[in-house]
Amino acid sequence: MNVRAVFAPAVVGVGALVLWETFVKVGRVAPYVLPAPSAVFTELVENFETIVETGLASGLNTLVGLVAGTVFALLAALAATRFTGLGEVSMPLVAALNALPIIALAPILNNMFESTSSIPRRAVVALVVFFPVFLNTLRGLREVDPTHTELMDSYAAGPWAFNRHVRLPGALPFFFTGLRQASSLAVIAAVVSEYFGGLQDGLGSRITSAAANTAYPRAWAFVAGACVLGLLFYAAALAIERLTTPWKRSAA
């Protein structure tokens with residue numbers, strides 16, 4: 001592991017927290033405007049078990065939605081690559097889908113299902129994940145080196161062999177670019193979708209509850225839990241990428 005790659009961000013992060021604490025204490029900023037990091041840390045310690053419990057609930061919704069959205073995006077990208085007409089039609093539809101205020105669909109979906117159902121939140125996550133994974137994967141599947149195409153043609157390789165040995169490996173870096181983007185967006189979508197009712201078992205519901213009760217440091221503590229959850233999903237996506245594309249590390 002590159003020590004400098006870890007040390008530099010850590011120093012910047014600690015420095016930012018020190019400046020934050022100083023600004024709040026010296027400037028006497030009201031807690032409802034911006035609580036001090038020390039107050040947030042205190043709430044983080046006191047509510048650690050609750051943060052972990054609610055983080056697991058939000059994490060499960062994120063995971064299910066991320067997997068579902070990724071699978072559908074992959075299938076759609078493969079179909080759009082295989083059938084040219086479908087690819088031309090799908091792009092405007094996907095662009096229109098991305099323009100929709102997906103989070104605004106959360107209260108509508110909540111009304112469509114029971115109040116104890118997690119389907120609305122997972123559906124919101126899947127919709128948010130779909131666009132970056134589909135767009136990046138489709139680009140990777142279409143950008144094939146002509147030299148590779150000529151080589152496979154000279155071997156009389158069929159469509160399956162071409163896809164397996166050329167198209168799919170070449171699209172992996174593009175796919176993981178979309179997955180890394182989607183991993184962070186998925187956590188945001190899962191937490192924000194919890195603001196609109198339904199099960200009160202996630203980080204989003206605790207953030208709104210704490211803010212409504214003017215417990216602002218506690219609300220920020222749950223926000224910190226959501227940040228950690230987002231980092232975990234991003235790190236997992238990065239780890240999967242490094243495991244499945246070892247040639248990128250060797251090239252670097």
# chains A, B, ... in the order shown; residues from 1 in each chain; ligands from 1
$ residues_around --residues "A:Ala123" --least-positions-apart "4" --cutoff "12 Å" --atoms "only C-alpha atoms" --output "CSV table (one decimal) with C-alpha atoms, in the first residue's frame"
chain,number,residue,atom,x,y,z
A,61,ASN,CA,-31.3,-1.5,0.8
A,62,THR,CA,-28.3,-0.1,-1.0
A,63,LEU,CA,-26.9,-3.5,-1.8
A,64,VAL,CA,-30.1,-5.0,-3.1
A,65,GLY,CA,-30.8,-1.9,-5.3
A,66,LEU,CA,-27.2,-1.7,-6.5
A,67,VAL,CA,-27.1,-5.4,-7.5
A,68,ALA,CA,-30.5,-5.1,-9.2
A,69,GLY,CA,-29.7,-1.9,-11.0
A,72,PHE,CA,-30.5,-4.7,-15.5
A,102,ILE,CA,-35.7,9.8,-9.2
A,103,ILE,CA,-35.8,10.7,-5.5
A,105,LEU,CA,-40.5,9.0,-7.0
A,106,ALA,CA,-39.9,7.7,-3.4
A,107,PRO,CA,-43.1,9.0,-1.9
A,108,ILE,CA,-45.1,7.8,-4.9
A,109,LEU,CA,-43.6,4.3,-4.6
A,110,ASN,CA,-44.2,4.3,-0.9
A,112,MET,CA,-47.9,1.9,-4.0
A,113,PHE,CA,-46.5,-0.6,-1.4
A,117,SER,CA,-42.0,-2.8,2.5
A,118,SER,CA,-38.5,-1.9,1.6
A,119,ILE,CA,-39.2,-2.3,-2.2
A,127,LEU,CA,-33.1,3.4,-10.9
A,128,VAL,CA,-30.3,5.7,-9.8
A,129,VAL,CA,-27.7,3.0,-10.4
A,130,PHE,CA,-29.0,2.0,-13.8
A,186,ALA,CA,-26.7,4.2,-4.4
A,189,ALA,CA,-30.4,7.4,-3.0
A,190,ALA,CA,-31.0,4.8,-0.2
A,193,SER,CA,-35.4,7.9,0.0
$ select_by_dssp --residues "stretch 3-226 of chain A" --states "helix (DSSP H, G or I)" --output "ChimeraX atom specification"
/A:3-27,37-46,48-82,84-99,102-112,119-142,146-154,159-196,203-212,216-226
$ closest_residue --among "A:Leu179, A:Leu60, A:Ala99, A:Ala30" --to "A:Val191" --atoms "only C-alpha atoms"
A:Leu60
$ residues_around --residues "stretch 18-26 of chain A" --least-positions-apart "3" --cutoff "10 Å" --atoms "only C-alpha atoms" --output "list of chain:residue names"
A:Val12, A:Gly13, A:Val14, A:Gly15, A:Val29, A:Ala30, A:Pro31, A:Val33, A:Leu34, A:Pro35, A:Ala36, A:Pro37, A:Ser38, A:Ala39
$ closest_residue --among "A:Leu93, A:Ile188, A:Leu74, A:Ala237" --to "A:Val223" --atoms "only C-alpha atoms"
A:Ile188
$ decode --residues "stretch 174-206 of chain A" --atoms "N, CA and C atoms" --output "compact mmCIF listing (two decimals), in the first residue's frame"
# COMPACT_ATOMS: atom_id res chain seq x y z
N PHE A 174 -14.62 0.24 -18.36
CA PHE A 174 -15.74 1.16 -18.48
C PHE A 174 -16.86 0.78 -17.49
N PHE A 175 -17.11 -0.53 -17.40
CA PHE A 175 -18.14 -1.00 -16.47
C PHE A 175 -17.81 -0.62 -15.03
N PHE A 176 -16.56 -0.80 -14.64
CA PHE A 176 -16.20 -0.48 -13.25
C PHE A 176 -16.16 1.01 -13.00
N THR A 177 -15.92 1.80 -14.01
CA THR A 177 -16.05 3.25 -13.85
C THR A 177 -17.49 3.61 -13.48
N GLY A 178 -18.44 3.00 -14.21
CA GLY A 178 -19.84 3.22 -13.89
C GLY A 178 -20.22 2.66 -12.54
N LEU A 179 -19.65 1.50 -12.17
CA LEU A 179 -19.98 0.88 -10.88
C LEU A 179 -19.47 1.72 -9.72
N ARG A 180 -18.27 2.29 -9.86
CA ARG A 180 -17.75 3.15 -8.80
C ARG A 180 -18.64 4.38 -8.61
N GLN A 181 -19.07 4.96 -9.71
CA GLN A 181 -19.99 6.09 -9.61
C GLN A 181 -21.30 5.67 -8.95
N ALA A 182 -21.81 4.53 -9.39
CA ALA A 182 -23.11 4.06 -8.89
C ALA A 182 -23.06 3.67 -7.42
N SER A 183 -21.90 3.18 -6.94
CA SER A 183 -21.81 2.74 -5.55
C SER A 183 -22.05 3.89 -4.58
N SER A 184 -21.50 5.05 -4.89
CA SER A 184 -21.73 6.21 -4.02
C SER A 184 -23.14 6.76 -4.19
N LEU A 185 -23.61 6.82 -5.43
CA LEU A 185 -24.97 7.32 -5.68
C LEU A 185 -26.01 6.41 -5.04
N ALA A 186 -25.73 5.12 -4.97
CA ALA A 186 -26.69 4.18 -4.39
C ALA A 186 -26.92 4.47 -2.92
N VAL A 187 -25.84 4.77 -2.18
CA VAL A 187 -25.99 5.09 -0.76
C VAL A 187 -26.78 6.38 -0.58
N ILE A 188 -26.47 7.38 -1.39
CA ILE A 188 -27.21 8.64 -1.31
C ILE A 188 -28.68 8.41 -1.57
N ALA A 189 -29.00 7.64 -2.61
CA ALA A 189 -30.39 7.38 -2.95
C ALA A 189 -31.11 6.62 -1.85
N ALA A 190 -30.43 5.63 -1.26
CA ALA A 190 -31.05 4.84 -0.20
C ALA A 190 -31.36 5.69 1.03
N VAL A 191 -30.41 6.55 1.41
CA VAL A 191 -30.61 7.37 2.61
C VAL A 191 -31.67 8.44 2.37
N VAL A 192 -31.59 9.13 1.23
CA VAL A 192 -32.55 10.20 0.96
C VAL A 192 -33.96 9.64 0.78
N SER A 193 -34.09 8.46 0.17
CA SER A 193 -35.42 7.88 -0.02
C SER A 193 -36.08 7.55 1.30
N GLU A 194 -35.28 7.42 2.37
CA GLU A 194 -35.85 7.13 3.69
C GLU A 194 -36.46 8.37 4.33
N TYR A 195 -36.26 9.54 3.72
CA TYR A 195 -36.85 10.76 4.25
C TYR A 195 -38.37 10.80 4.05
N PHE A 196 -38.87 9.97 3.13
CA PHE A 196 -40.26 10.12 2.68
C PHE A 196 -41.19 9.04 3.24
N GLY A 197 -40.96 8.64 4.47
CA GLY A 197 -41.86 7.69 5.10
C GLY A 197 -41.41 6.25 4.90
N GLY A 198 -42.32 5.34 5.15
CA GLY A 198 -41.98 3.92 5.07
C GLY A 198 -41.35 3.45 6.36
N LEU A 199 -40.61 2.37 6.29
CA LEU A 199 -39.94 1.82 7.46
C LEU A 199 -38.98 2.85 8.07
N GLN A 200 -39.04 2.99 9.39
CA GLN A 200 -38.17 3.93 10.10
C GLN A 200 -36.98 3.19 10.69
N ASP A 201 -36.26 2.47 9.84
CA ASP A 201 -35.16 1.65 10.34
C ASP A 201 -33.82 2.00 9.73
N GLY A 202 -33.75 3.08 8.95
CA GLY A 202 -32.51 3.43 8.27
C GLY A 202 -31.91 4.73 8.75
N LEU A 203 -30.77 5.07 8.20
CA LEU A 203 -30.06 6.29 8.58
C LEU A 203 -30.86 7.54 8.24
N GLY A 204 -31.51 7.53 7.07
CA GLY A 204 -32.26 8.70 6.64
C GLY A 204 -33.36 9.08 7.59
N SER A 205 -34.11 8.08 8.08
CA SER A 205 -35.20 8.36 9.02
C SER A 205 -34.67 8.92 10.33
N ARG A 206 -33.50 8.45 10.78
CA ARG A 206 -32.92 8.96 12.03
C ARG A 206 -32.38 10.37 11.85
